[in-house]
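Shown below: run.csv, with CSV, C-alpha atoms.
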chain,number,residue,atom,x,y,z
A,1,MET,CA,1.9,13.4,-19.0
A,2,SER,CA,4.8,14.6,-16.9
A,3,ILE,CA,5.1,13.8,-13.3
A,4,LYS,CA,5.2,17.0,-11.3
A,5,SER,CA,4.1,15.6,-8.0
A,6,TYR,CA,3.7,12.2,-6.3
A,7,GLU,CA,0.0,12.8,-6.7
A,8,ASP,CA,0.4,12.4,-10.5
A,9,LEU,CA,1.7,8.8,-10.0
A,10,GLN,CA,-0.9,6.2,-10.7
A,11,VAL,CA,0.5,3.9,-8.1
A,12,TRP,CA,0.0,6.6,-5.4
A,13,GLN,CA,-3.6,7.2,-6.6
A,14,VAL,CA,-4.4,3.4,-6.5
A,15,ALA,CA,-2.7,3.1,-3.1
A,16,MET,CA,-4.8,6.0,-1.7
A,17,ASP,CA,-8.0,4.2,-3.0
A,18,LEU,CA,-6.8,1.0,-1.2
A,19,VAL,CA,-6.4,3.0,2.1
A,20,VAL,CA,-10.1,4.1,1.8
A,21,ASP,CA,-11.2,0.6,1.0
A,22,CYS,CA,-9.3,-0.8,3.9
A,23,TYR,CA,-10.8,1.7,6.3
A,24,TRP,CA,-14.3,0.8,5.1
A,25,ALA,CA,-13.6,-3.0,5.2
A,26,THR,CA,-12.3,-2.7,8.8
A,27,ASP,CA,-15.2,-0.6,10.0
A,28,GLY,CA,-17.1,-3.7,10.8
A,29,PHE,CA,-14.3,-5.5,12.7
A,30,PRO,CA,-15.0,-6.3,16.4
A,31,ARG,CA,-14.5,-3.3,18.7
A,32,ASP,CA,-12.1,-5.2,20.8
A,33,GLU,CA,-9.8,-5.4,17.7
A,34,ARG,CA,-9.7,-1.6,17.4
A,35,PHE,CA,-6.1,-1.6,18.7
A,36,GLY,CA,-5.2,-5.0,17.3
A,37,ILE,CA,-5.7,-6.1,13.7
A,38,THR,CA,-7.8,-3.1,12.7
A,39,SER,CA,-5.1,-0.7,13.7
A,40,GLN,CA,-2.3,-2.8,12.2
A,41,LEU,CA,-4.2,-3.3,8.9
A,42,ARG,CA,-5.0,0.4,8.5
A,43,ARG,CA,-1.5,1.5,9.4
A,44,ALA,CA,0.1,-0.8,6.9
A,45,ALA,CA,-2.3,0.4,4.2
A,46,VAL,CA,-1.5,4.1,5.0
A,47,GLN,CA,2.2,3.5,4.9
A,48,ILE,CA,2.1,2.5,1.2
A,49,PRO,CA,1.1,5.9,-0.3
A,50,ALA,CA,2.9,7.7,2.5
A,51,ASN,CA,6.2,6.1,1.6
A,52,ILE,CA,5.7,6.7,-2.1
A,53,ALA,CA,5.1,10.4,-1.4
A,54,GLU,CA,8.1,10.7,1.0
A,55,GLY,CA,10.4,9.0,-1.4
A,56,HIS,CA,9.3,11.2,-4.3
A,57,ALA,CA,10.0,14.2,-2.2
A,58,ARG,CA,13.6,13.1,-1.5
A,59,SER,CA,16.5,14.7,-3.2
A,60,HIS,CA,18.3,11.6,-4.3
A,61,ARG,CA,17.2,8.7,-6.5
A,62,ARG,CA,18.7,6.2,-4.0
A,63,GLU,CA,16.5,7.6,-1.2
A,64,TYR,CA,13.5,7.4,-3.5
A,65,LEU,CA,14.2,3.7,-4.3
A,66,ASN,CA,14.6,3.0,-0.6
A,67,PHE,CA,11.2,4.4,0.2
A,68,LEU,CA,9.6,2.5,-2.7
A,69,SER,CA,11.2,-0.6,-1.2
A,70,ILE,CA,9.7,0.3,2.2
A,71,ALA,CA,6.3,0.7,0.5
A,72,GLN,CA,6.7,-2.8,-1.0
A,73,GLY,CA,7.4,-4.1,2.5
A,74,SER,CA,4.2,-2.4,3.8
A,75,ALA,CA,2.3,-4.0,1.0
A,76,ALA,CA,3.5,-7.4,2.1
A,77,GLU,CA,2.6,-6.6,5.7
A,78,LEU,CA,-0.9,-5.5,4.6
A,79,ASN,CA,-1.3,-8.7,2.6
A,80,THR,CA,-0.5,-10.7,5.7
A,81,HIS,CA,-3.0,-8.7,7.8
A,82,LEU,CA,-5.7,-9.2,5.2
A,83,ARG,CA,-5.1,-12.9,5.2
A,84,ILE,CA,-5.2,-13.0,9.0
A,85,ALA,CA,-8.4,-11.0,9.0
A,86,GLN,CA,-10.0,-13.4,6.5
A,87,ARG,CA,-8.9,-16.5,8.6
A,88,LEU,CA,-10.5,-14.9,11.7
A,89,GLU,CA,-13.6,-14.4,9.5
A,90,PHE,CA,-13.5,-10.6,10.0
A,91,LEU,CA,-13.4,-10.2,6.2
A,92,ASP,CA,-15.6,-12.1,3.8
A,93,ALA,CA,-13.9,-13.8,0.9
A,94,PRO,CA,-15.1,-11.4,-1.8
A,95,THR,CA,-13.9,-8.3,0.1
A,96,ALA,CA,-10.5,-10.0,0.9
A,97,ARG,CA,-10.1,-11.0,-2.7
A,98,LYS,CA,-10.9,-7.4,-4.0
A,99,LEU,CA,-8.4,-5.9,-1.5
A,100,CYS,CA,-5.7,-8.5,-2.4
A,101,GLN,CA,-6.2,-7.9,-6.1
A,102,SER,CA,-5.7,-4.2,-5.6
A,103,LEU,CA,-2.7,-4.9,-3.5
A,104,ASP,CA,-1.2,-7.2,-6.2
A,105,SER,CA,-1.7,-4.4,-8.8
A,106,ILE,CA,0.1,-1.9,-6.5
A,107,GLY,CA,2.9,-4.3,-6.0
A,108,ARG,CA,3.4,-4.6,-9.8
A,109,MET,CA,3.3,-0.8,-10.2
A,110,LEU,CA,5.8,-0.4,-7.4
A,111,SER,CA,8.1,-2.9,-9.1
A,112,ALA,CA,7.8,-1.2,-12.5
A,113,LEU,CA,8.5,2.2,-10.9
A,114,ARG,CA,11.6,0.9,-9.1
A,115,ASN,CA,12.8,-0.8,-12.3
A,116,ALA,CA,12.3,2.4,-14.3
A,117,LEU,CA,14.2,4.5,-11.8
A,118,GLU,CA,17.0,2.0,-11.6
A,119,ARG,CA,17.3,1.9,-15.4
A,120,SER,CA,17.4,5.7,-15.6
A,121,ALA,CA,20.2,6.0,-13.0
A,122,PRO,CA,23.2,8.0,-14.2

Starting from the coordinates I provided, produce the structure as structure tokens.
Amino acid sequence: MSIKSYEDLQVWQVAMDLVVDCYWATDGFPRDERFGITSQLRRAAVQIPANIAEGHARSHRREYLNFLSIAQGSAAELNTHLRIAQRLEFLDAPTARKLCQSLDSIGRMLSALRNALERSAP
């Protein structure tokens, strides 16, 4: 299968699923956290597929690699927010584990994509 759009990338698709899962998971957070951990967690989740898409749309491979690196940073940020939410008991252990497993998978896919792009550099 050829990649015509960022939407064809499995990592983008899985990251989009993670965004939806994060929104559902944070729906039950305390209302007074709406502008705190809820907002931070959702924003970090959204930034992962957004940076994959933006990087894919760039003209130069170096820019693409940079945006993939930013996506990896957002993944690390999201992981931290998930762990904070679990420590605060806003997330139960099974939900946190599921989200972190998905995030680990995305991290591996981002690394593989970056490695492939670096290997194919002229």

All residues 12 Å or closer to stretch 58-61 of chain A, only C-alpha atoms, same chain fewer than 5 positions away omitted, as a list in words: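 What passes the distance filter is Ser5, Tyr6, Asn51, Ile52, Ala53, Asn66, Phe67, Leu68, Leu113, Arg114, Asn115, Ala116, Leu117, Glu118, Arg119, Ser120, Ala121 and Pro122 of chain A.
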
Length of the atom CA of A:Cys22 to atom CA of A:Arg97 vector [Å]: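 Atom CA of A:Arg97 lies 12.2 Å from atom CA of A:Cys22.
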
Nearest residue to A:Gly55 from the set A:Asn79, A:Arg31, A:Trp12, A:Trp24 (distances using all atoms listed in the file): A:Trp12

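Atom CA of A:Lys4 is found 26.0 Å from atom CA of A:Ala44.
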
Atomic separation - atom CA of A:Ile48 relative to atom CA of A:Ser74, Å: 5.9 Å

Exercise: A:Ala25 partners within 10 Å, all atoms listed in the file, chain neighbours under 5 positions left out, as a ChimeraX atom specification: /A:19-20,38,42,90-92,95-96,99

Nearest to A:Gln10 by atom-to-atom distance, counting all atoms listed in the file, from A:Thr80, A:Gln101, A:Gln72, A:Pro49: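 For A:Gln10, the nearest of the given residues is A:Pro49.
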
A:Val11 surroundings by all atoms listed in the file, 8 Å radius, close-in-sequence under 5 positions cut, as an MDAnalysis selection string: chainID A and resid 106 109:110

Closest of A:Arg62, A:His81, A:Ala50, A:Leu9 to A:Thr26 - atom-to-atom distances counting all atoms listed in the file: A:His81

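The residue that comes closest to A:Met16, out of A:Ala75, A:Ile3, A:Ile70, A:Ala45 and on the basis of all atoms listed in the file, is A:Ala45.
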
Option closest in space to A:Glu77, from A:Gln47, A:Ser111, A:Ser102, A:Gln13 [counting all atoms listed in the file]: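 Of all the options, A:Gln47 lies closest to A:Glu77.
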